[in-house]
Amino acid sequence: MSTMTAIDPKDSVLCLLEGSAWPGAQAALDAASELPIPSTKTEAWKYTRVGKLFNTTYSTLQGNIEVTLPARLPFNTTRVVFVNGHFRVDLSDDLKAEKGIVIDSLVHHLAHGPVKAHYGKVAPIGDRFFTAMNSAAPTDGLIILATKGTKTSKPVHVLHLSTGGQQLIQPRDLFMLHEGAEVEVIVEHIGKDASTSLVNSIRESVIGESANLTIHHLQNETNGPAHIGMDAATIAAKGHFSIDTTTLNGSLVRNEVNVALAGPEAHAELNGVYVLNGSTHCDNHTYIGHDVPDCTSDELYKGIVAEKGTGVFNGKVYVKQDAQRTRAYQSNANILQGDDAKVYTKPELEIYADDVKCSHGCTIGRFDEQGLFYLRSRGISEAEAKKMMAHAFMYDVLERITNTEWREHLAGLIDAKLATL
Amino acid sequence: MATQDEILQEVTTKEYAYGFITNIESEKAAKGLNEDIVRFISAKKEEPEWMLEWRLEAYRIWQKMEEPHWAHVHYPKIDYQNAYYYSAPKKKPQLTSLDEADPELVETFKKLGISLDEQKRLVGVAVDVVFDSVSVKTTFQKTLKEKGIIFCSFSEAVKVHPDLIKKYLGSVVPRTDNYFAALNSAVFSDGSFCYIPPGVRCPMELSTYFRINEAMTGQFERTLLIADEGAYVSYLEGCTAPIRDEHQLHAAVVELVALKSAEIKYSTVQNWYPGDKEGKGGIYNFVTKRGLCLGDHSKISWTQVETGSAITWKYPSCVLKGDYSTGEFYSVAVTNNKQQADTGTKMVHIGKGTKSTIISKGISAGFSNNSYRGLVKIGKGANGARNFSQCDSLLLGDRCGAHTFPYIESENPSAMVEHEATTSKIGEDQIFYLNQRGLPTEKAVSLIVNGYAKEVLNQLPMEFAVEAQKLLAVSLEGSVG
C-alpha cells in the first residue's frame, strides 16, 4: 500500500506570509490559501505557466546588504533605491526636496488617512491569487502623495535591485495625485544572480481630477528573478495616465496594467516595447475599463521575439453600458525571429454601449522583404538593414514617450539589445 | 418620416416572419437519453452493428464530459433528460415522387419557398430535404449519379457506402471533440452525405433544407462531405423553424474533407426561430462544423449568414493540413431582441504555405449580445503561412453588446498574421449624407447595413444571396436595414 500525501505547492510560500502587520493582511492570507495557483486552464493565464514558480522554497531576506549601484541615469532624477524590496534611505536621494509631495517608504505611512482610504482599493484581491499573496505580506514600497496642483520637478527614479536567489520579494507602491498634480516616475528593475527569486509587485495609483501620472517601467533583469507585476490605476475626470513598459531581459515577466477610467474625459495611454531572446517569456496583460462616458484610451505594444523567446499580449477593452462616446484603440505588432520563437496574442473588445469607436489590430510577421531589399539595394548589409528596420519598428512606440531624455536613453538600451540578436 | 430611434425600435421588436407549425403526426422516442434510446434510434434507422457501437461509445464519452460554459452566452440549465431525441414524420412508405408526400408537408415547403419541382431544376439545385430528421425526398439523384457523385441521406449512406462512412466519420470531428459533438455522435438522427469522386466538378449547387418542426425535439444532423482529388462542390444549407415556446436544442456536426486540390464551398443561411421580444422560446444552436484540408492545394470555404436562434454557439473551422491549402470564413451574424451569438472560426495552419482569410461582420440590435471568437494558430511547420482576419461589429441600439475575442498564436517566424477589428455604430454623417440625397433614414440605414455585409453576401451563390438579403431585410429593414 502506498501512502499518498497531497502537498499544496503554495504552502511553502504561504508560511512566509504569516504575521504581517499590513492592513488587511490576514484576510489576504486567507484568500491566498483559498485561491488556486493559476494554471493554463485559467483564461487570464492561458499562455503563461506560473506553476513552476512554486517549486522553489523561498525566503525573505532583509535588504541591508551591501550592493553596488549602477551608474545614475544620464539626466536629472530623484533616485529612490529598494534592495530586495526594502527601502534604503542610505542609498536614496533627499526625498524631501519636492514641495507638497510626499515621497517615502510606504510602510511608514500605513496609519495615515489617505493610505487607509486607498490602499487595497485600486487593486482589490478579487480572484487574483498573486494580489492576495502580495497583500498578505508586502515587503515595502513607495508612497507618492502629490497635493493639489503640485508637480515633480524631475522624474522620480525608483530603482529596484534584486540580488541573491530564492527570495520572495513583494513590492507594494501607492501613488495618489490630487487635483491637477503632475507626477513622473521611472521604475527600473535590475537583477543580479537572482534568477531563482520571485518578484510579485503591485502598484496602485489614484489619479485625481485633471491630474497627470506618467510611469516609465523598465524590466531589464539579466539573470533576474521571475517578475509578476500589476499596475492598477483609477482615473478621475479629465485625469491622464500614461505608462510605458519596456521588457528587455528576464526569465518570466508578466506586466499587468489594469486601468479604470472612472471620470468623464479621462484618458489612458499604454505603450509597450519588448525585445526577447534566450528563453525569456514576456506577458503583457492589459485591461481598460471604460466605466463612464467620454473617455479615451490608446494602447500600442510592439515587440521582437527571437531565439526561444515567447511574447504574449492580452489586451481587453471593456466598455460599460452608457459609457457613450468612448474612443478606444488597441494595437499589437510582433516580429518573430528564430525558429523557436512564439507569439500568442489576444486583443479583446467587450462593448455594451453603441456610440463608440473602438478598434484593435494585431500582426505577427517577419521583417518586410521589400523594405529589406530596398536597403540592401542601397548597399547596406543585411544585418545593418535589419537593425535599422527593427529600430524603426520600435520607434513607433518610443516616439509616444514625451520625456525625450528617457526616450533617448531607452532607445540606446533597445538598440544595444537589438545588436545582440 | 420615422426618426432613427423609432426605426431602431421597430427593428428590435420585429416578430419572426416564418413561424408556423405543420400538423403531421410524428413518431417519437421516449423522453430522455440513455443507452436504450441510442439503441432505439439505431434500430429505427436499421443500422448495422458497428454504427450502433460507434454511437454507444460516443454516448459513454458524452456522459463523462461537462457542458462547456466559456462562451459569452447565458441560458438556463438544459435538462438533457427532458427532451426527445428522435422524431420522424409518421408516413412510412418510401416515396417515389413528390405527389405522394403529405400535402401538408408540401404546403410547408411552399411557405418556405422551397420548390421541389421544375423551378428547382431550372436553377440547377438538387435538394435533399430533411424534415425533422428523416430525409423525405431526394432529387437530381440521376444527374449526380452519372457523374459518380453520391448525395444521399446519412442513414442511406451508412447502409450503401459503409466503407466511406467508416473511413471518414469522426475523422474531422472526433467523438471526444466537445460535449455537443459527443452528444450528436450518440443520437444523430439523420443528415446528408456527399462524396465527389476524383476530378469531378459538381454541376449544381447541392442543397439541404433543414427544418425543426416537432415541439421539444432536439434535432441532431450529421453531415459528411468528401471531395476527392481535384473535385469541386458547392453545398448550401438553409434553415427555418416555426414558433414554439419551449427552447429547442440543436446540436449538429458537419465534417468536410478535401483531398488533394479539391475545393469545398459550404454556405449556410440560418434563420431559426430566435425567440420572441422577451427572449422566450427560440432555438439553442450548438454546432460543430469543421473542414479538413487533407491534401495539398485543397481549399475549404465557409460562408454563413446567421440571423436566427436564441443562442448560437458555432465555429466553422478549417484544419489546413495539406501544403498550400486554403481556408476561408465569411460570416454575417445578426442578433436582435434577446438573442445571443458566440460565433467565429478556427484556422489551424499545419502545412507549408497555407493561407486563410477571415471576414466577420457582426450586427447587434435590441438587447442582444454578439461575440466573435476566433483562433488563428500557426504551427511550427507552417512555413510561409499567411492569415488575414477582419472582424467588424455594428451596434444598433444602446442596450446591445458587441464583443471580439480573437486568439492568435504563431510559432513560425516566416508566417504572417494580421488581425483587425472595429466596433462602431452607423455614422450619423453617413445617414446625413444619404438623407441629403433624398433617401429616407430607413432606406439609408438599410443601404448602409447591406453595404457593410456585402463582402460576405458576395460570397454566397446566387440563389442564396437573394434569400440572405431577404433575411437581412426581415431582421432589420422596413425598419432599419
# chains A, B, ... in the order shown; residues from 1 in each chain; ligands from 1
>>> residues_around(residues="Leu213 (chain A)", least_positions_apart="4", cutoff="6 Å", atoms="only C-alpha atoms", output="PyMOL selection string")
chain A and resi 182-184+241
>>> residues_around(residues="Glu57 (chain B)", least_positions_apart="5", cutoff="10 Å", atoms="only C-alpha atoms", output="list in words")
Glu35, Met51, Leu52, Trp62, Gln63, Arg175, Thr176, Ala182, Ser185 and Ala186 of chain B
>>> residues_around(residues="Ile207 (chain A)", least_positions_apart="6", cutoff="8 Å", atoms="only C-alpha atoms", output="PyMOL selection string")
chain A and resi 176-178+213+233-236+239-241
>>> write_last_selection(atoms="N, CA and C atoms", output="mmCIF file, in the first residue's frame")
data_model
loop_
_atom_site.group_PDB
_atom_site.id
_atom_site.type_symbol
_atom_site.label_atom_id
_atom_site.label_comp_id
_atom_site.auth_asym_id
_atom_site.auth_seq_id
_atom_site.Cartn_x
_atom_site.Cartn_y
_atom_site.Cartn_z
ATOM 1 N N MET A 176 -0.749 58.621 -5.087
ATOM 2 C CA MET A 176 -2.007 59.367 -5.023
ATOM 3 C C MET A 176 -1.784 60.783 -5.532
ATOM 4 N N LEU A 177 -2.511 61.170 -6.523
ATOM 5 C CA LEU A 177 -2.360 62.500 -7.104
ATOM 6 C C LEU A 177 -3.648 63.281 -6.895
ATOM 7 N N HIS A 178 -3.513 64.382 -6.207
ATOM 8 C CA HIS A 178 -4.685 65.232 -6.014
ATOM 9 C C HIS A 178 -4.907 66.074 -7.270
ATOM 10 N N LEU A 213 -0.406 61.379 -14.363
ATOM 11 C CA LEU A 213 0.633 60.464 -13.875
ATOM 12 C C LEU A 213 1.290 59.765 -15.054
ATOM 13 N N ALA A 233 -4.644 51.394 -11.871
ATOM 14 C CA ALA A 233 -4.854 52.833 -11.755
ATOM 15 C C ALA A 233 -6.325 53.158 -11.917
ATOM 16 N N THR A 234 -6.766 54.150 -11.168
ATOM 17 C CA THR A 234 -8.116 54.647 -11.382
ATOM 18 C C THR A 234 -8.002 56.142 -11.654
ATOM 19 N N ILE A 235 -8.712 56.582 -12.683
ATOM 20 C CA ILE A 235 -8.508 57.941 -13.173
ATOM 21 C C ILE A 235 -9.808 58.730 -13.076
ATOM 22 N N ALA A 236 -9.728 59.858 -12.389
ATOM 23 C CA ALA A 236 -10.916 60.710 -12.234
ATOM 24 C C ALA A 236 -11.067 61.601 -13.469
ATOM 25 N N GLY A 239 -8.517 63.304 -15.877
ATOM 26 C CA GLY A 239 -7.199 62.822 -15.459
ATOM 27 C C GLY A 239 -6.501 62.140 -16.622
ATOM 28 N N HIS A 240 -5.225 61.958 -16.461
ATOM 29 C CA HIS A 240 -4.421 61.428 -17.545
ATOM 30 C C HIS A 240 -3.419 60.438 -16.974
ATOM 31 N N PHE A 241 -3.412 59.250 -17.547
ATOM 32 C CA PHE A 241 -2.465 58.229 -17.084
ATOM 33 C C PHE A 241 -1.716 57.693 -18.291
#
>>> interface_residues(of="chain B", to="chain A", cutoff="7 Å", atoms="only C-alpha atoms", output="VMD selection string")
chain B and resid 395 to 425
>>> write_last_selection(atoms="N, CA and C atoms", output="mmCIF file, in the first residue's frame")
data_model
loop_
_atom_site.group_PDB
_atom_site.id
_atom_site.type_symbol
_atom_site.label_atom_id
_atom_site.label_comp_id
_atom_site.auth_asym_id
_atom_site.auth_seq_id
_atom_site.Cartn_x
_atom_site.Cartn_y
_atom_site.Cartn_z
ATOM 1 N N LEU B 395 -23.226 48.354 -34.029
ATOM 2 C CA LEU B 395 -24.183 48.386 -32.929
ATOM 3 C C LEU B 395 -25.377 49.243 -33.313
ATOM 4 N N LEU B 396 -26.567 48.665 -33.214
ATOM 5 C CA LEU B 396 -27.789 49.420 -33.456
ATOM 6 C C LEU B 396 -28.568 49.426 -32.155
ATOM 7 N N GLY B 397 -28.405 50.435 -31.376
ATOM 8 C CA GLY B 397 -29.123 50.487 -30.103
ATOM 9 C C GLY B 397 -28.146 50.472 -28.952
ATOM 10 N N ASP B 398 -28.534 51.105 -27.852
ATOM 11 C CA ASP B 398 -27.578 51.284 -26.757
ATOM 12 C C ASP B 398 -27.738 50.241 -25.663
ATOM 13 N N ARG B 399 -28.485 49.177 -25.919
ATOM 14 C CA ARG B 399 -28.638 48.150 -24.896
ATOM 15 C C ARG B 399 -28.107 46.789 -25.376
ATOM 16 N N CYS B 400 -27.417 46.824 -26.496
ATOM 17 C CA CYS B 400 -26.868 45.566 -27.002
ATOM 18 C C CYS B 400 -25.354 45.557 -26.814
ATOM 19 N N GLY B 401 -24.761 44.409 -27.059
ATOM 20 C CA GLY B 401 -23.320 44.304 -26.871
ATOM 21 C C GLY B 401 -22.652 43.692 -28.078
ATOM 22 N N ALA B 402 -21.429 44.139 -28.338
ATOM 23 C CA ALA B 402 -20.647 43.549 -29.428
ATOM 24 C C ALA B 402 -19.256 43.260 -28.889
ATOM 25 N N HIS B 403 -18.827 42.041 -29.037
ATOM 26 C CA HIS B 403 -17.571 41.648 -28.408
ATOM 27 C C HIS B 403 -16.667 40.920 -29.394
ATOM 28 N N THR B 404 -15.399 41.015 -29.158
ATOM 29 C CA THR B 404 -14.427 40.353 -30.030
ATOM 30 C C THR B 404 -13.399 39.640 -29.170
ATOM 31 N N PHE B 405 -13.265 38.345 -29.375
ATOM 32 C CA PHE B 405 -12.282 37.577 -28.611
ATOM 33 C C PHE B 405 -11.384 36.782 -29.566
ATOM 34 N N PRO B 406 -10.438 37.419 -30.184
ATOM 35 C CA PRO B 406 -9.584 36.668 -31.111
ATOM 36 C C PRO B 406 -8.358 36.084 -30.401
ATOM 37 N N TYR B 407 -8.038 34.857 -30.707
ATOM 38 C CA TYR B 407 -6.821 34.236 -30.188
ATOM 39 C C TYR B 407 -5.879 34.058 -31.371
ATOM 40 N N ILE B 408 -4.681 34.574 -31.255
ATOM 41 C CA ILE B 408 -3.748 34.469 -32.366
ATOM 42 C C ILE B 408 -2.447 33.894 -31.846
ATOM 43 N N GLU B 409 -2.058 32.767 -32.406
ATOM 44 C CA GLU B 409 -0.873 32.090 -31.908
ATOM 45 C C GLU B 409 0.050 31.771 -33.077
ATOM 46 N N SER B 410 1.295 32.197 -32.989
ATOM 47 C CA SER B 410 2.217 31.894 -34.075
ATOM 48 C C SER B 410 3.487 31.289 -33.524
ATOM 49 N N GLU B 411 3.866 30.183 -34.108
ATOM 50 C CA GLU B 411 5.091 29.534 -33.678
ATOM 51 C C GLU B 411 6.049 29.387 -34.843
ATOM 52 N N ASN B 412 5.798 30.148 -35.898
ATOM 53 C CA ASN B 412 6.691 30.059 -37.043
ATOM 54 C C ASN B 412 7.096 31.460 -37.485
ATOM 55 N N PRO B 413 8.412 31.715 -37.550
ATOM 56 C CA PRO B 413 8.866 33.083 -37.837
ATOM 57 C C PRO B 413 8.606 33.523 -39.268
ATOM 58 N N SER B 414 8.338 32.595 -40.197
ATOM 59 C CA SER B 414 8.135 33.031 -41.571
ATOM 60 C C SER B 414 6.662 33.290 -41.866
ATOM 61 N N ALA B 415 5.809 33.081 -40.878
ATOM 62 C CA ALA B 415 4.379 33.278 -41.094
ATOM 63 C C ALA B 415 4.007 34.744 -40.937
ATOM 64 N N MET B 416 2.926 35.120 -41.584
ATOM 65 C CA MET B 416 2.426 36.491 -41.448
ATOM 66 C C MET B 416 0.969 36.431 -41.014
ATOM 67 N N VAL B 417 0.668 37.095 -39.926
ATOM 68 C CA VAL B 417 -0.698 37.078 -39.409
ATOM 69 C C VAL B 417 -1.144 38.511 -39.190
ATOM 70 N N GLU B 418 -2.317 38.825 -39.678
ATOM 71 C CA GLU B 418 -2.844 40.164 -39.455
ATOM 72 C C GLU B 418 -4.268 40.061 -38.955
ATOM 73 N N HIS B 419 -4.579 40.859 -37.986
ATOM 74 C CA HIS B 419 -5.940 40.851 -37.464
ATOM 75 C C HIS B 419 -6.364 42.282 -37.228
ATOM 76 N N GLU B 420 -7.567 42.603 -37.649
ATOM 77 C CA GLU B 420 -8.054 43.919 -37.275
ATOM 78 C C GLU B 420 -9.540 43.851 -36.978
ATOM 79 N N ALA B 421 -9.949 44.694 -36.085
ATOM 80 C CA ALA B 421 -11.346 44.685 -35.692
ATOM 81 C C ALA B 421 -11.778 46.097 -35.369
ATOM 82 N N THR B 422 -13.021 46.383 -35.706
ATOM 83 C CA THR B 422 -13.563 47.678 -35.340
ATOM 84 C C THR B 422 -14.966 47.494 -34.778
ATOM 85 N N THR B 423 -15.358 48.390 -33.920
ATOM 86 C CA THR B 423 -16.720 48.392 -33.402
ATOM 87 C C THR B 423 -17.223 49.819 -33.432
ATOM 88 N N SER B 424 -18.387 50.011 -34.006
ATOM 89 C CA SER B 424 -18.932 51.366 -34.010
ATOM 90 C C SER B 424 -20.410 51.299 -34.332
ATOM 91 N N LYS B 425 -21.068 52.431 -34.259
ATOM 92 C CA LYS B 425 -22.459 52.456 -34.715
ATOM 93 C C LYS B 425 -22.475 53.087 -36.094
#
>>> closest_residue(among="B:Thr357, B:Cys391, B:Leu434, B:Ser331", to="Leu457 (chain B)", atoms="only C-alpha atoms")
B:Ser331
>>> select_by_dssp(residues="region 249-386 of chain A", states="helix (DSSP H, G or I)", output="list in words")
Glu369, Gln370, Gly371, Leu372, Phe373, Tyr374, Leu375, Arg376, Ser377, Glu382, Ala383, Glu384, Ala385 and Lys386 of chain A
>>> residues_around(residues="region 48-56 of chain A", least_positions_apart="3", cutoff="6 Å", atoms="only C-alpha atoms", output="list in words")
Pro9, Lys10 and Trp45 of chain A
>>> residues_around(residues="Ser368 (chain B)", least_positions_apart="2", cutoff="7 Å", atoms="only C-alpha atoms", output="PyMOL selection string")
chain B and resi 335-340+364-366+370+400-401
>>> write_last_selection(atoms="C-alpha atoms", output="PDB file, in the first residue's frame")
ATOM      1  CA  THR B 335     -28.654  39.407 -33.321  1.00  0.00           C
ATOM      2  CA  ASN B 336     -31.794  41.138 -32.206  1.00  0.00           C
ATOM      3  CA  ASN B 337     -34.107  41.272 -29.177  1.00  0.00           C
ATOM      4  CA  LYS B 338     -32.540  38.940 -26.588  1.00  0.00           C
ATOM      5  CA  GLN B 339     -30.558  36.760 -28.948  1.00  0.00           C
ATOM      6  CA  GLN B 340     -27.042  35.749 -28.053  1.00  0.00           C
ATOM      7  CA  SER B 364     -26.285  43.686 -32.844  1.00  0.00           C
ATOM      8  CA  ALA B 365     -29.584  45.314 -32.030  1.00  0.00           C
ATOM      9  CA  GLY B 366     -32.104  45.345 -29.206  1.00  0.00           C
ATOM     10  CA  ASN B 370     -22.997  39.273 -30.447  1.00  0.00           C
ATOM     11  CA  CYS B 400     -26.868  45.566 -27.002  1.00  0.00           C
ATOM     12  CA  GLY B 401     -23.320  44.304 -26.871  1.00  0.00           C
TER      13      GLY B 401
END
>>> atom_distance(atom1="CA of Leu95 (chain A)", atom2="CA of Val206 (chain A)")
20.5 Å
>>> closest_atom_pairs(of="region 257-353 of chain A", to="region 402-409 of chain A", cutoff="12 Å", atoms="only C-alpha atoms", output="CSV")
residue,atom,partner,partner_atom,distance
A:Glu269,CA,A:Thr402,CA,11.7
A:Asn271,CA,A:Thr402,CA,11.7
A:Val273,CA,A:Arg407,CA,11.9
>>> write_last_selection(atoms="N, CA and C atoms", output="CSV table (one decimal), in the first residue's frame")
chain,number,residue,atom,x,y,z
A,269,GLU,N,-3.1,56.0,-21.6
A,269,GLU,CA,-2.3,55.7,-22.8
A,269,GLU,C,-1.3,54.6,-22.3
A,271,ASN,N,1.7,52.1,-23.5
A,271,ASN,CA,2.7,51.7,-24.5
A,271,ASN,C,3.6,50.6,-24.1
A,273,VAL,N,7.0,48.0,-25.2
A,273,VAL,CA,8.1,47.5,-26.1
A,273,VAL,C,8.7,46.3,-25.5
>>> closest_residue(among="B:Lys31, B:Lys289, B:Lys45, B:Arg39", to="Glu156 (chain B)", atoms="only C-alpha atoms")
B:Lys45
>>> select_by_dssp(residues="region 178-413 of chain B", states="strand (DSSP E or B)", output="count of residues only")
137
